[in-house]
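final_14.tsv (TSV, C-alpha atoms (C1' of nucleotides))
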```tsv
chain	number	residue	atom	x	y	z
A	1	MET	CA	12.06	18.94	-18.19
A	2	GLU	CA	8.72	17.49	-17.26
A	3	GLU	CA	7.73	14.33	-19.02
A	4	LYS	CA	4.13	13.26	-19.14
A	5	THR	CA	2.51	10.04	-18.11
A	6	PRO	CA	1.22	7.74	-20.86
A	7	SER	CA	-2.24	8.65	-22.09
A	8	VAL	CA	-3.21	5.02	-21.80
A	9	LEU	CA	-3.10	5.39	-18.06
A	10	LEU	CA	-4.75	8.78	-17.91
A	11	THR	CA	-7.80	7.45	-19.71
A	12	THR	CA	-8.14	4.41	-17.50
A	13	PRO	CA	-10.78	5.08	-14.83
A	14	SER	CA	-9.20	2.85	-12.21
A	15	TRP	CA	-5.93	4.68	-12.73
A	16	LEU	CA	-7.60	8.01	-12.05
A	17	LEU	CA	-9.16	6.53	-8.97
A	18	THR	CA	-6.01	5.03	-7.50
A	19	GLN	CA	-3.86	8.05	-8.34
A	20	THR	CA	-6.28	10.52	-6.80
A	21	ALA	CA	-6.58	8.27	-3.79
A	22	MET	CA	-2.83	8.14	-3.43
A	23	HIS	CA	-2.54	11.91	-3.37
A	24	ALA	CA	-5.25	12.03	-0.75
A	25	GLN	CA	-3.66	9.29	1.29
A	26	ARG	CA	-0.27	10.92	1.08
A	27	ILE	CA	-1.63	14.19	2.41
A	28	VAL	CA	-3.40	12.47	5.28
A	29	ALA	CA	-0.43	10.25	6.03
A	30	GLU	CA	1.91	13.22	6.18
A	31	ALA	CA	-0.39	15.02	8.56
A	32	PHE	CA	-0.54	11.92	10.74
A	33	ALA	CA	3.19	11.43	10.56
A	34	ALA	CA	3.73	15.01	11.71
A	35	GLU	CA	1.88	13.95	14.86
A	36	ASN	CA	3.77	10.68	15.20
A	37	SER	CA	0.72	8.76	14.13
A	38	ARG	CA	-0.55	6.78	11.19
A	39	GLY	CA	-3.75	5.54	9.64
A	40	TYR	CA	-4.11	2.45	11.78
A	41	HIS	CA	-3.95	4.51	14.95
A	42	PHE	CA	-6.79	6.76	13.90
A	43	ARG	CA	-8.89	3.86	12.72
A	44	LEU	CA	-8.57	2.10	16.05
A	45	LEU	CA	-9.21	5.22	18.08
A	46	ALA	CA	-12.27	6.07	16.01
A	47	THR	CA	-13.61	2.55	16.37
A	48	LEU	CA	-13.11	2.54	20.13
A	49	MET	CA	-14.77	5.93	20.30
A	50	GLU	CA	-17.83	4.72	18.45
A	51	PHE	CA	-18.23	1.19	19.80
A	52	GLY	CA	-16.61	1.47	23.21
A	53	PRO	CA	-14.17	-1.01	24.73
A	54	SER	CA	-13.72	-4.02	22.47
A	55	SER	CA	-11.64	-7.12	22.09
A	56	GLN	CA	-8.81	-7.01	19.58
A	57	ALA	CA	-10.60	-9.42	17.29
A	58	ALA	CA	-13.67	-7.19	17.31
A	59	LEU	CA	-11.51	-4.20	16.47
A	60	GLY	CA	-10.14	-6.13	13.55
A	61	ARG	CA	-13.62	-6.88	12.28
A	62	HIS	CA	-14.73	-3.30	12.62
A	63	THR	CA	-11.73	-1.76	10.94
A	64	GLY	CA	-10.83	-4.43	8.44
A	65	ILE	CA	-7.37	-4.59	9.94
A	66	ASP	CA	-5.82	-8.02	10.34
A	67	ARG	CA	-5.59	-9.45	13.85
A	68	SER	CA	-1.81	-9.57	13.52
A	69	ASP	CA	-1.60	-5.89	12.75
A	70	ILE	CA	-4.01	-5.03	15.53
A	71	VAL	CA	-1.50	-6.41	18.01
A	72	ALA	CA	1.29	-4.11	16.87
A	73	THR	CA	-0.98	-1.09	16.62
A	74	VAL	CA	-2.43	-1.64	20.07
A	75	ASN	CA	1.10	-2.03	21.42
A	76	GLU	CA	1.99	1.37	20.01
A	77	LEU	CA	-1.16	2.99	21.33
A	78	VAL	CA	-0.58	1.46	24.76
A	79	ALA	CA	3.00	2.72	24.77
A	80	ALA	CA	1.72	6.19	23.92
A	81	GLY	CA	-0.83	6.00	26.72
A	82	TYR	CA	-3.87	6.39	24.47
A	83	VAL	CA	-5.29	2.97	25.16
A	84	GLU	CA	-5.39	0.32	27.86
A	85	ARG	CA	-5.18	-3.44	27.40
A	86	SER	CA	-6.72	-5.55	30.14
A	87	PRO	CA	-7.73	-9.20	30.21
A	88	ASP	CA	-11.43	-9.95	29.84
A	89	PRO	CA	-12.61	-11.51	33.12
A	90	ALA	CA	-15.49	-13.19	31.30
A	91	ASP	CA	-13.38	-14.75	28.54
A	92	GLY	CA	-9.82	-15.86	29.16
A	93	ARG	CA	-8.90	-15.57	25.51
A	94	ARG	CA	-9.73	-11.93	25.06
A	95	ASN	CA	-8.16	-8.64	25.90
A	96	ILE	CA	-10.38	-5.64	26.40
A	97	ILE	CA	-9.03	-2.52	24.77
A	98	SER	CA	-10.33	0.75	26.11
A	99	LEU	CA	-9.59	4.42	25.52
A	100	THR	CA	-7.81	6.44	28.17
A	101	THR	CA	-8.63	10.09	28.71
A	102	ALA	CA	-5.56	10.99	26.68
A	103	GLY	CA	-6.82	8.63	24.00
A	104	LYS	CA	-10.13	10.42	23.71
A	105	ARG	CA	-8.33	13.73	23.49
A	106	ARG	CA	-6.05	12.25	20.88
A	107	HIS	CA	-8.98	11.00	18.84
A	108	ARG	CA	-10.64	14.38	18.85
A	109	HIS	CA	-7.41	16.05	17.81
A	110	LEU	CA	-6.77	13.68	14.93
A	111	SER	CA	-10.40	13.88	13.96
A	112	GLU	CA	-10.23	17.63	13.60
A	113	LEU	CA	-7.03	17.21	11.64
A	114	VAL	CA	-8.72	14.88	9.20
A	115	ASP	CA	-11.67	17.22	8.76
A	116	THR	CA	-9.40	20.14	8.02
A	117	ILE	CA	-7.49	18.12	5.47
A	118	GLN	CA	-10.59	17.19	3.51
A	119	ASP	CA	-10.79	20.74	2.25
A	120	LYS	CA	-7.18	20.63	1.16
A	121	ILE	CA	-7.80	17.45	-0.80
A	122	PHE	CA	-11.05	18.36	-2.49
A	123	ALA	CA	-10.32	22.05	-2.86
A	124	PRO	CA	-11.11	22.24	-6.58
A	125	LEU	CA	-14.60	20.80	-6.09
A	126	SER	CA	-17.72	22.67	-5.10
A	127	SER	CA	-19.81	21.29	-2.26
A	128	THR	CA	-22.34	19.83	-4.66
A	129	GLU	CA	-19.55	18.21	-6.64
A	130	ARG	CA	-18.15	16.75	-3.46
A	131	ALA	CA	-21.52	15.30	-2.64
A	132	THR	CA	-21.78	13.84	-6.13
A	133	LEU	CA	-18.34	12.32	-5.82
A	134	ALA	CA	-19.12	10.87	-2.41
A	135	GLY	CA	-22.32	9.41	-3.78
A	136	LEU	CA	-20.63	7.72	-6.71
A	137	LEU	CA	-17.84	6.36	-4.55
A	138	THR	CA	-20.32	5.04	-2.02
A	139	LYS	CA	-22.17	3.31	-4.80
A	140	VAL	CA	-19.05	1.60	-6.08
A	141	LEU	CA	-17.86	0.79	-2.59
A	142	ALA	CA	-21.17	-0.77	-1.64
A	143	HIS	CA	-20.97	-3.01	-4.66
A	144	HIS	CA	-17.67	-4.50	-3.50
A	145	SER	CA	-18.55	-5.83	-0.10
B	1	MET	CA	-21.40	-12.01	12.72
B	2	GLU	CA	-20.70	-9.02	10.57
B	3	GLU	CA	-19.56	-5.92	12.36
B	4	LYS	CA	-19.72	-2.55	10.68
B	5	THR	CA	-17.07	0.04	10.18
B	6	PRO	CA	-17.29	3.24	12.20
B	7	SER	CA	-19.58	5.85	10.68
B	8	VAL	CA	-16.89	8.45	11.23
B	9	LEU	CA	-14.88	6.81	8.49
B	10	LEU	CA	-17.77	6.19	6.16
B	11	THR	CA	-18.63	9.87	6.12
B	12	THR	CA	-15.08	11.00	5.46
B	13	PRO	CA	-14.64	11.70	1.74
B	14	SER	CA	-10.98	10.77	1.61
B	15	TRP	CA	-11.82	7.49	3.28
B	16	LEU	CA	-14.37	6.70	0.61
B	17	LEU	CA	-11.82	7.58	-2.00
B	18	THR	CA	-8.97	5.49	-0.64
B	19	GLN	CA	-11.19	2.53	0.18
B	20	THR	CA	-12.78	2.46	-3.25
B	21	ALA	CA	-9.36	2.82	-4.79
B	22	MET	CA	-8.07	-0.07	-2.75
B	23	HIS	CA	-10.82	-2.35	-3.95
B	24	ALA	CA	-10.07	-1.33	-7.50
B	25	GLN	CA	-6.37	-1.82	-7.04
B	26	ARG	CA	-6.89	-5.20	-5.43
B	27	ILE	CA	-8.96	-6.40	-8.37
B	28	VAL	CA	-6.39	-5.18	-10.85
B	29	ALA	CA	-3.50	-6.55	-8.82
B	30	GLU	CA	-5.12	-9.96	-8.59
B	31	ALA	CA	-5.66	-10.06	-12.32
B	32	PHE	CA	-2.04	-9.09	-12.85
B	33	ALA	CA	-0.84	-11.62	-10.30
B	34	ALA	CA	-2.77	-14.35	-12.09
B	35	GLU	CA	-0.57	-13.54	-15.08
B	36	ASN	CA	2.61	-13.38	-13.01
B	37	SER	CA	2.71	-9.64	-13.37
B	38	ARG	CA	2.15	-6.52	-11.31
B	39	GLY	CA	1.35	-2.87	-11.67
B	40	TYR	CA	4.89	-1.69	-12.30
B	41	HIS	CA	5.24	-4.10	-15.21
B	42	PHE	CA	2.19	-2.76	-16.98
B	43	ARG	CA	3.17	0.82	-16.36
B	44	LEU	CA	6.58	0.29	-17.92
B	45	LEU	CA	5.24	-1.66	-20.87
B	46	ALA	CA	2.59	0.97	-21.53
B	47	THR	CA	5.16	3.74	-21.34
B	48	LEU	CA	7.53	1.98	-23.71
B	49	MET	CA	4.63	1.37	-26.06
B	50	GLU	CA	3.69	5.03	-26.15
B	51	PHE	CA	7.08	6.72	-26.08
B	52	GLY	CA	9.30	4.07	-27.64
B	53	PRO	CA	12.71	2.98	-26.36
B	54	SER	CA	13.77	5.07	-23.39
B	55	SER	CA	16.43	5.30	-20.74
B	56	GLN	CA	15.57	4.02	-17.30
B	57	ALA	CA	15.58	7.52	-15.87
B	58	ALA	CA	13.12	8.65	-18.53
B	59	LEU	CA	10.89	5.72	-17.71
B	60	GLY	CA	10.96	6.80	-14.11
B	61	ARG	CA	9.90	10.31	-15.02
B	62	HIS	CA	7.08	9.11	-17.24
B	63	THR	CA	5.68	6.63	-14.79
B	64	GLY	CA	6.43	8.29	-11.50
B	65	ILE	CA	8.32	5.19	-10.43
B	66	ASP	CA	11.55	5.69	-8.52
B	67	ARG	CA	14.80	4.99	-10.38
B	68	SER	CA	15.67	2.30	-7.84
B	69	ASP	CA	12.45	0.46	-8.50
B	70	ILE	CA	12.85	0.82	-12.24
B	71	VAL	CA	16.00	-1.27	-11.99
B	72	ALA	CA	14.27	-4.18	-10.33
B	73	THR	CA	11.25	-4.00	-12.60
B	74	VAL	CA	13.36	-3.88	-15.74
B	75	ASN	CA	15.34	-6.85	-14.43
B	76	GLU	CA	12.13	-8.82	-14.12
B	77	LEU	CA	10.89	-7.78	-17.55
B	78	VAL	CA	14.25	-8.68	-19.09
B	79	ALA	CA	14.18	-12.07	-17.39
B	80	ALA	CA	10.70	-12.64	-18.80
B	81	GLY	CA	11.88	-11.64	-22.27
B	82	TYR	CA	9.48	-8.72	-22.63
B	83	VAL	CA	12.15	-6.06	-22.75
B	84	GLU	CA	15.75	-5.57	-23.78
B	85	ARG	CA	18.39	-3.55	-21.98
B	86	SER	CA	21.24	-2.26	-24.09
B	87	PRO	CA	23.83	0.44	-23.43
B	88	ASP	CA	23.24	3.79	-25.11
B	89	PRO	CA	26.08	4.29	-27.61
B	90	ALA	CA	25.59	8.05	-27.41
B	91	ASP	CA	25.67	8.27	-23.62
B	92	GLY	CA	27.74	5.91	-21.52
B	93	ARG	CA	25.58	6.44	-18.48
B	94	ARG	CA	22.32	5.33	-19.99
B	95	ASN	CA	20.70	2.05	-20.82
B	96	ILE	CA	18.18	1.95	-23.60
B	97	ILE	CA	15.16	-0.14	-22.73
B	98	SER	CA	13.14	-1.40	-25.66
B	99	LEU	CA	10.18	-3.70	-26.12
B	100	THR	CA	10.66	-7.12	-27.67
B	101	THR	CA	8.00	-8.67	-29.86
B	102	ALA	CA	6.88	-10.72	-26.90
B	103	GLY	CA	6.78	-7.51	-24.89
B	104	LYS	CA	4.41	-5.84	-27.31
B	105	ARG	CA	2.19	-8.89	-27.28
B	106	ARG	CA	2.34	-8.85	-23.52
B	107	HIS	CA	1.35	-5.22	-23.37
B	108	ARG	CA	-1.64	-5.76	-25.59
B	109	HIS	CA	-2.72	-8.71	-23.50
B	110	LEU	CA	-2.45	-6.87	-20.20
B	111	SER	CA	-4.10	-3.86	-21.77
B	112	GLU	CA	-7.14	-5.86	-22.75
B	113	LEU	CA	-7.16	-7.34	-19.29
B	114	VAL	CA	-7.26	-3.88	-17.72
B	115	ASP	CA	-10.05	-2.75	-20.01
B	116	THR	CA	-12.14	-5.77	-19.15
B	117	ILE	CA	-11.63	-5.19	-15.47
B	118	GLN	CA	-12.88	-1.61	-15.60
B	119	ASP	CA	-16.39	-2.93	-16.08
B	120	LYS	CA	-16.01	-5.19	-13.09
B	121	ILE	CA	-14.90	-2.29	-10.94
B	122	PHE	CA	-17.45	0.29	-12.00
B	123	ALA	CA	-20.28	-2.14	-12.60
B	124	PRO	CA	-22.85	-0.29	-10.47
B	125	LEU	CA	-22.36	2.97	-12.39
B	126	SER	CA	-24.02	3.95	-15.64
B	127	SER	CA	-21.83	5.26	-18.42
B	128	THR	CA	-22.80	8.84	-17.69
B	129	GLU	CA	-22.03	8.31	-14.03
B	130	ARG	CA	-18.66	6.90	-14.95
B	131	ALA	CA	-17.95	9.96	-17.03
B	132	THR	CA	-18.98	12.20	-14.16
B	133	LEU	CA	-16.74	10.30	-11.78
B	134	ALA	CA	-13.81	10.45	-14.19
B	135	GLY	CA	-14.35	14.17	-14.59
B	136	LEU	CA	-14.39	14.86	-10.87
B	137	LEU	CA	-11.34	12.70	-10.26
B	138	THR	CA	-9.47	14.38	-13.08
B	139	LYS	CA	-10.30	17.74	-11.57
B	140	VAL	CA	-8.95	16.75	-8.17
B	141	LEU	CA	-5.94	15.04	-9.69
B	142	ALA	CA	-5.05	18.07	-11.77
B	143	HIS	CA	-5.09	20.20	-8.66
B	144	HIS	CA	-2.42	18.07	-7.01
B	145	SER	CA	0.40	18.23	-9.50
C	1	DC	C1'	40.42	20.71	-16.78
C	2	DG	C1'	37.23	20.69	-13.08
C	3	DC	C1'	32.63	20.88	-11.15
C	4	DG	C1'	27.94	20.04	-11.09
C	5	DA	C1'	24.43	17.18	-12.82
C	6	DT	C1'	22.68	12.81	-14.49
C	7	DC	C1'	22.37	7.83	-14.68
C	8	DG	C1'	22.28	3.00	-13.07
C	9	DT	C1'	22.58	0.35	-9.08
C	10	DG	C1'	22.23	-1.32	-4.36
C	11	DG	C1'	20.48	-0.89	0.19
C	12	DG	C1'	17.21	0.25	3.45
C	13	DG	C1'	12.68	1.61	5.35
C	14	DA	C1'	7.62	2.79	5.99
C	15	DG	C1'	2.74	1.84	5.40
C	16	DC	C1'	-0.76	-1.21	4.35
C	17	DG	C1'	-2.73	-5.66	3.44
C	18	DC	C1'	-2.63	-10.71	3.95
C	19	DC	C1'	-1.58	-15.54	5.39
C	20	DA	C1'	0.28	-19.56	8.37
C	21	DA	C1'	0.97	-21.43	12.66
C	22	DC	C1'	0.79	-22.14	17.62
C	23	DG	C1'	-0.67	-22.19	22.49
C	24	DA	C1'	-4.37	-20.82	25.39
C	25	DC	C1'	-8.98	-20.91	26.02
C	26	DT	C1'	-14.22	-21.45	25.24
C	27	DA	C1'	-18.40	-23.57	23.79
C	28	DG	C1'	-21.30	-27.04	21.81
C	29	DG	C1'	-22.55	-31.80	21.03
C	30	DC	C1'	-22.44	-36.19	22.89
D	1	DG	C1'	-17.86	-34.51	32.16
D	2	DC	C1'	-15.24	-35.06	27.98
D	3	DC	C1'	-13.78	-33.89	23.13
D	4	DT	C1'	-13.87	-31.56	19.25
D	5	DA	C1'	-14.36	-27.38	16.79
D	6	DG	C1'	-13.73	-22.86	16.80
D	7	DT	C1'	-12.04	-18.30	18.69
D	8	DC	C1'	-8.38	-15.22	20.39
D	9	DG	C1'	-3.83	-13.17	20.91
D	10	DT	C1'	0.69	-13.40	19.27
D	11	DT	C1'	4.80	-14.12	16.35
D	12	DG	C1'	6.78	-14.21	12.00
D	13	DG	C1'	6.78	-13.81	7.36
D	14	DC	C1'	5.56	-12.09	2.47
D	15	DG	C1'	4.14	-8.79	-1.30
D	16	DC	C1'	3.25	-4.34	-3.39
D	17	DT	C1'	3.89	0.44	-3.66
D	18	DC	C1'	6.34	4.46	-2.58
D	19	DC	C1'	10.38	6.84	-0.87
D	20	DC	C1'	15.23	8.20	0.54
D	21	DC	C1'	20.32	7.88	0.58
D	22	DA	C1'	24.77	6.83	-1.18
D	23	DC	C1'	28.11	5.36	-4.55
D	24	DG	C1'	30.76	4.97	-8.88
D	25	DA	C1'	30.63	6.02	-13.65
D	26	DT	C1'	29.78	9.25	-17.08
D	27	DC	C1'	28.50	13.57	-19.38
D	28	DG	C1'	28.28	18.75	-20.19
D	29	DC	C1'	29.43	23.22	-19.45
D	30	DG	C1'	32.10	26.93	-18.01
```

Conversion result in structure tokens:
Amino acid sequence: MEEKTPSVLLTTPSWLLTQTAMHAQRIVAEAFAAENSRGYHFRLLATLMEFGPSSQAALGRHTGIDRSDIVATVNELVAAGYVERSPDPADGRRNIISLTTAGKRRHRHLSELVDTIQDKIFAPLSSTERATLAGLLTKVLAHHS
Amino acid sequence: MEEKTPSVLLTTPSWLLTQTAMHAQRIVAEAFAAENSRGYHFRLLATLMEFGPSSQAALGRHTGIDRSDIVATVNELVAAGYVERSPDPADGRRNIISLTTAGKRRHRHLSELVDTIQDKIFAPLSSTERATLAGLLTKVLAHHS
DNA sequence: CGCGATCGTGGGGAGCGCCAACGACTAGGC
DNA sequence: GCCTAGTCGTTGGCGCTCCCCACGATCGCG
């Protein structure tokens, strides 16, 4: 009934990495979707939470999200009432995006959600193993930037 | 000039995982793209190499690729001459997909490409660290299946 | 024979990442 | 002050991966 994946793939490190990541991402994405949200929303909310009101271009630089996609995401967040878009009086090109009270609440909620999910994802690992994994990933990640 | 990503994300394990995976995937994808190929192609070729001629549904089960997407991918591989699609004489519903000589050559080529790239991806890790990482990822991956 | 399951195929959609172009605007050099 | 270069928001498009649904054809089993 069940047919296995080729061993060639299973022994390829980058395959292990991307597959594990996909499972993780799927779990997170489903949790977000259940709240009518998605990754981009959380990224923007978290960035606004940490850096305060910013222009859309700055948000893009912080999150790594393309300016084009920022527009759509901000539109959605504005429509949901989590964020406000107002023109920058000091620079006619910019919009200033700022969190509303509902937005801050939203961020905290999603944040707790993400924290809870971490355990679900890394369940089979001990806390020291998790730290080891995080360390290795950080090392690799730092190298590509 | 350079603006950092929120620390909230950097300290989230699943974020580290997905981000690292994305870098890896991007490197692999670019290498594939430079050869007019993509991930699905390699997955199918590798599966055919390991399990021999198979039906499209079987390929889907081995690779985790949806039947719909198998169709398109096989079309592309047929057009490139790497694969042949012939009706199964024993079962009127099935097509038998088999590698051509060019397909086997192609698989070997892409396979070497992938191997080479692994070093580029995990450059900052020692071989023991790579083994540790692979072990941890395998552990997590096994848990989600 | 008939019914459920499988197979190939087509269509659509979501999420994420990326690029091109354009009008509005700002800032720096002259 | 003017002009050029660069930034910003916005629209529109593309690609890859993953996923779901529906249909006609075929098979297998009761």

Open item on the list: Measuring between only C-alpha atoms (C1' of nucleotides), which one of A:Ser37, A:Gln56, A:Ser98, A:Thr12 shows the shortest distance to chain C?
Closed with: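 Comparing A:Ser37, A:Gln56, A:Ser98, A:Thr12 against chain C, the winner is A:Ser37.
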
Open item on the list: Using Å and a single decimal, report how far atom CA of Ala46 of chain B sits from atom CA of Gln118 of chain B.
Closed with: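 Straight-line distance from atom CA of Gln118 of chain B to atom CA of Ala46 of chain B works out to 16.8 Å.
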
TODO: Could you list, as a list of chain:residue names, the residues of chain B having an atom within 6 Å of chain A when counting only C-alpha atoms?
DONE: B:Glu3, B:Lys4, B:Thr5, B:Pro6, B:Leu17, B:Thr18, B:Thr20, B:Ala21, B:Thr47, B:His62, B:Thr63, B:Leu141

- [ ] Could you please select, counting only C-alpha atoms (C1' of nucleotides), the residues of chain C within 12 Å of chain B and state them as a list in words?
- [x] DT6, DC7, DG8, DT9, DG10, DG11, DG12, DC16, DG17 and DC18 of chain C

Can you list every residue of chain D that has an atom at most 10 Å from chain A, with its nearest atom pair and the distance in Å to one decimal, using all atoms listed in the file, ordered by chain then number, as a Markdown table?
```
| residue | atom | partner | partner_atom | distance |
| --- | --- | --- | --- | --- |
| D:DT7 | C1' | A:Arg93 | CA | 8.0 |
| D:DC8 | C1' | A:Arg93 | CA | 5.2 |
| D:DG9 | C1' | A:Arg93 | CA | 7.3 |
| D:DT10 | C1' | A:Ser68 | CA | 7.3 |
| D:DT11 | C1' | A:Ser68 | CA | 8.5 |
| D:DG12 | C1' | A:Ser68 | CA | 9.9 |
| D:DC18 | C1' | A:Met22 | CA | 9.9 |
```

- [ ] May I ask for the distance between atom C1' of DG23 of chain C and atom CA of His41 of chain A, given in Å to one decimal place?
- [x]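 Computing the Euclidean distance for atom C1' of DG23 of chain C and atom CA of His41 of chain A yields 27.9 Å.
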
Quick one: axis-aligned box around all listed atoms of segment 96-107 of chain B, 6 Å on every side, centre and edge lengths in Å to one decimal, written as AutoDock Vina command-line options.
```
--center_x 9.8 --center_y -4.4 --center_z -26.3 --size_x 28.8 --size_y 24.7 --size_z 19.1
```

Open item on the list: Rounded to one decimal, what separation in Å do you get between atom CA of Ser54 of chain B and atom CA of Glu84 of chain B?
Closed with: 10.8 Å

Output requested as a PDB file, in the frame of the given file - segment 36-44 of chain A, filled out with all heavy atoms.
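Listed below is the output, part-v8.pdb:
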```
ATOM      1  N   ASN A  36       3.290  12.002  14.778  1.00  0.00           N
ATOM      2  CA  ASN A  36       3.770  10.680  15.200  1.00  0.00           C
ATOM      3  C   ASN A  36       2.643   9.656  15.223  1.00  0.00           C
ATOM      4  O   ASN A  36       2.523   8.870  16.160  1.00  0.00           O
ATOM      5  CB  ASN A  36       4.425  10.758  16.592  1.00  0.00           C
ATOM      6  CG  ASN A  36       5.764  11.464  16.535  1.00  0.00           C
ATOM      7  OD1 ASN A  36       6.528  11.257  15.586  1.00  0.00           O
ATOM      8  ND2 ASN A  36       6.047  12.281  17.521  1.00  0.00           N
ATOM      9  N   SER A  37       1.835   9.702  14.195  1.00  0.00           N
ATOM     10  CA  SER A  37       0.720   8.760  14.130  1.00  0.00           C
ATOM     11  C   SER A  37       0.633   8.202  12.725  1.00  0.00           C
ATOM     12  O   SER A  37       1.387   8.574  11.836  1.00  0.00           O
ATOM     13  CB  SER A  37      -0.566   9.481  14.503  1.00  0.00           C
ATOM     14  OG  SER A  37      -1.595   8.562  14.774  1.00  0.00           O
ATOM     15  N   ARG A  38      -0.315   7.281  12.536  1.00  0.00           N
ATOM     16  CA  ARG A  38      -0.550   6.780  11.190  1.00  0.00           C
ATOM     17  C   ARG A  38      -1.979   6.278  11.077  1.00  0.00           C
ATOM     18  O   ARG A  38      -2.713   6.266  12.067  1.00  0.00           O
ATOM     19  CB  ARG A  38       0.446   5.676  10.831  1.00  0.00           C
ATOM     20  CG  ARG A  38       0.463   4.543  11.803  1.00  0.00           C
ATOM     21  CD  ARG A  38       1.741   3.713  11.658  1.00  0.00           C
ATOM     22  NE  ARG A  38       1.703   2.550  12.516  1.00  0.00           N
ATOM     23  CZ  ARG A  38       1.266   1.357  12.139  1.00  0.00           C
ATOM     24  NH1 ARG A  38       0.852   1.169  10.911  1.00  0.00           N
ATOM     25  NH2 ARG A  38       1.235   0.337  12.991  1.00  0.00           N
ATOM     26  N   GLY A  39      -2.365   5.877   9.899  1.00  0.00           N
ATOM     27  CA  GLY A  39      -3.750   5.540   9.640  1.00  0.00           C
ATOM     28  C   GLY A  39      -4.343   4.540  10.612  1.00  0.00           C
ATOM     29  O   GLY A  39      -5.466   4.727  11.085  1.00  0.00           O
ATOM     30  N   TYR A  40      -3.601   3.490  10.887  1.00  0.00           N
ATOM     31  CA  TYR A  40      -4.110   2.450  11.780  1.00  0.00           C
ATOM     32  C   TYR A  40      -4.463   2.996  13.148  1.00  0.00           C
ATOM     33  O   TYR A  40      -5.432   2.552  13.770  1.00  0.00           O
ATOM     34  CB  TYR A  40      -3.066   1.336  11.915  1.00  0.00           C
ATOM     35  CG  TYR A  40      -3.100   0.303  10.801  1.00  0.00           C
ATOM     36  CD1 TYR A  40      -3.747   0.575   9.606  1.00  0.00           C
ATOM     37  CD2 TYR A  40      -2.504  -0.931  10.954  1.00  0.00           C
ATOM     38  CE1 TYR A  40      -3.782  -0.352   8.591  1.00  0.00           C
ATOM     39  CE2 TYR A  40      -2.541  -1.881   9.936  1.00  0.00           C
ATOM     40  CZ  TYR A  40      -3.173  -1.589   8.762  1.00  0.00           C
ATOM     41  OH  TYR A  40      -3.216  -2.534   7.756  1.00  0.00           O
ATOM     42  N   HIS A  41      -3.676   3.945  13.633  1.00  0.00           N
ATOM     43  CA  HIS A  41      -3.950   4.510  14.950  1.00  0.00           C
ATOM     44  C   HIS A  41      -5.317   5.176  14.959  1.00  0.00           C
ATOM     45  O   HIS A  41      -6.141   4.927  15.835  1.00  0.00           O
ATOM     46  CB  HIS A  41      -2.867   5.524  15.316  1.00  0.00           C
ATOM     47  CG  HIS A  41      -1.521   4.916  15.531  1.00  0.00           C
ATOM     48  ND1 HIS A  41      -0.404   5.652  15.841  1.00  0.00           N
ATOM     49  CD2 HIS A  41      -1.101   3.632  15.466  1.00  0.00           C
ATOM     50  CE1 HIS A  41       0.638   4.851  15.968  1.00  0.00           C
ATOM     51  NE2 HIS A  41       0.246   3.625  15.732  1.00  0.00           N
ATOM     52  N   PHE A  42      -5.529   6.027  13.954  1.00  0.00           N
ATOM     53  CA  PHE A  42      -6.790   6.760  13.900  1.00  0.00           C
ATOM     54  C   PHE A  42      -7.973   5.817  13.747  1.00  0.00           C
ATOM     55  O   PHE A  42      -9.017   5.994  14.374  1.00  0.00           O
ATOM     56  CB  PHE A  42      -6.767   7.772  12.758  1.00  0.00           C
ATOM     57  CG  PHE A  42      -8.027   8.556  12.635  1.00  0.00           C
ATOM     58  CD1 PHE A  42      -8.415   9.431  13.638  1.00  0.00           C
ATOM     59  CD2 PHE A  42      -8.848   8.405  11.525  1.00  0.00           C
ATOM     60  CE1 PHE A  42      -9.588  10.151  13.535  1.00  0.00           C
ATOM     61  CE2 PHE A  42     -10.024   9.120  11.421  1.00  0.00           C
ATOM     62  CZ  PHE A  42     -10.392   9.992  12.419  1.00  0.00           C
ATOM     63  N   ARG A  43      -7.795   4.814  12.926  1.00  0.00           N
ATOM     64  CA  ARG A  43      -8.890   3.860  12.720  1.00  0.00           C
ATOM     65  C   ARG A  43      -9.277   3.192  14.026  1.00  0.00           C
ATOM     66  O   ARG A  43     -10.470   3.052  14.325  1.00  0.00           O
ATOM     67  CB  ARG A  43      -8.456   2.788  11.730  1.00  0.00           C
ATOM     68  CG  ARG A  43      -8.552   3.226  10.299  1.00  0.00           C
ATOM     69  CD  ARG A  43      -8.729   2.010   9.423  1.00  0.00           C
ATOM     70  NE  ARG A  43      -7.701   1.901   8.415  1.00  0.00           N
ATOM     71  CZ  ARG A  43      -7.547   0.846   7.635  1.00  0.00           C
ATOM     72  NH1 ARG A  43      -8.339  -0.199   7.767  1.00  0.00           N
ATOM     73  NH2 ARG A  43      -6.600   0.816   6.736  1.00  0.00           N
ATOM     74  N   LEU A  44      -8.270   2.765  14.790  1.00  0.00           N
ATOM     75  CA  LEU A  44      -8.570   2.100  16.050  1.00  0.00           C
ATOM     76  C   LEU A  44      -9.205   3.060  17.047  1.00  0.00           C
ATOM     77  O   LEU A  44     -10.205   2.720  17.695  1.00  0.00           O
ATOM     78  CB  LEU A  44      -7.299   1.494  16.651  1.00  0.00           C
ATOM     79  CG  LEU A  44      -6.813   0.194  16.021  1.00  0.00           C
ATOM     80  CD1 LEU A  44      -5.836  -0.515  16.964  1.00  0.00           C
ATOM     81  CD2 LEU A  44      -7.988  -0.732  15.731  1.00  0.00           C
TER      82      LEU A  44
END
```
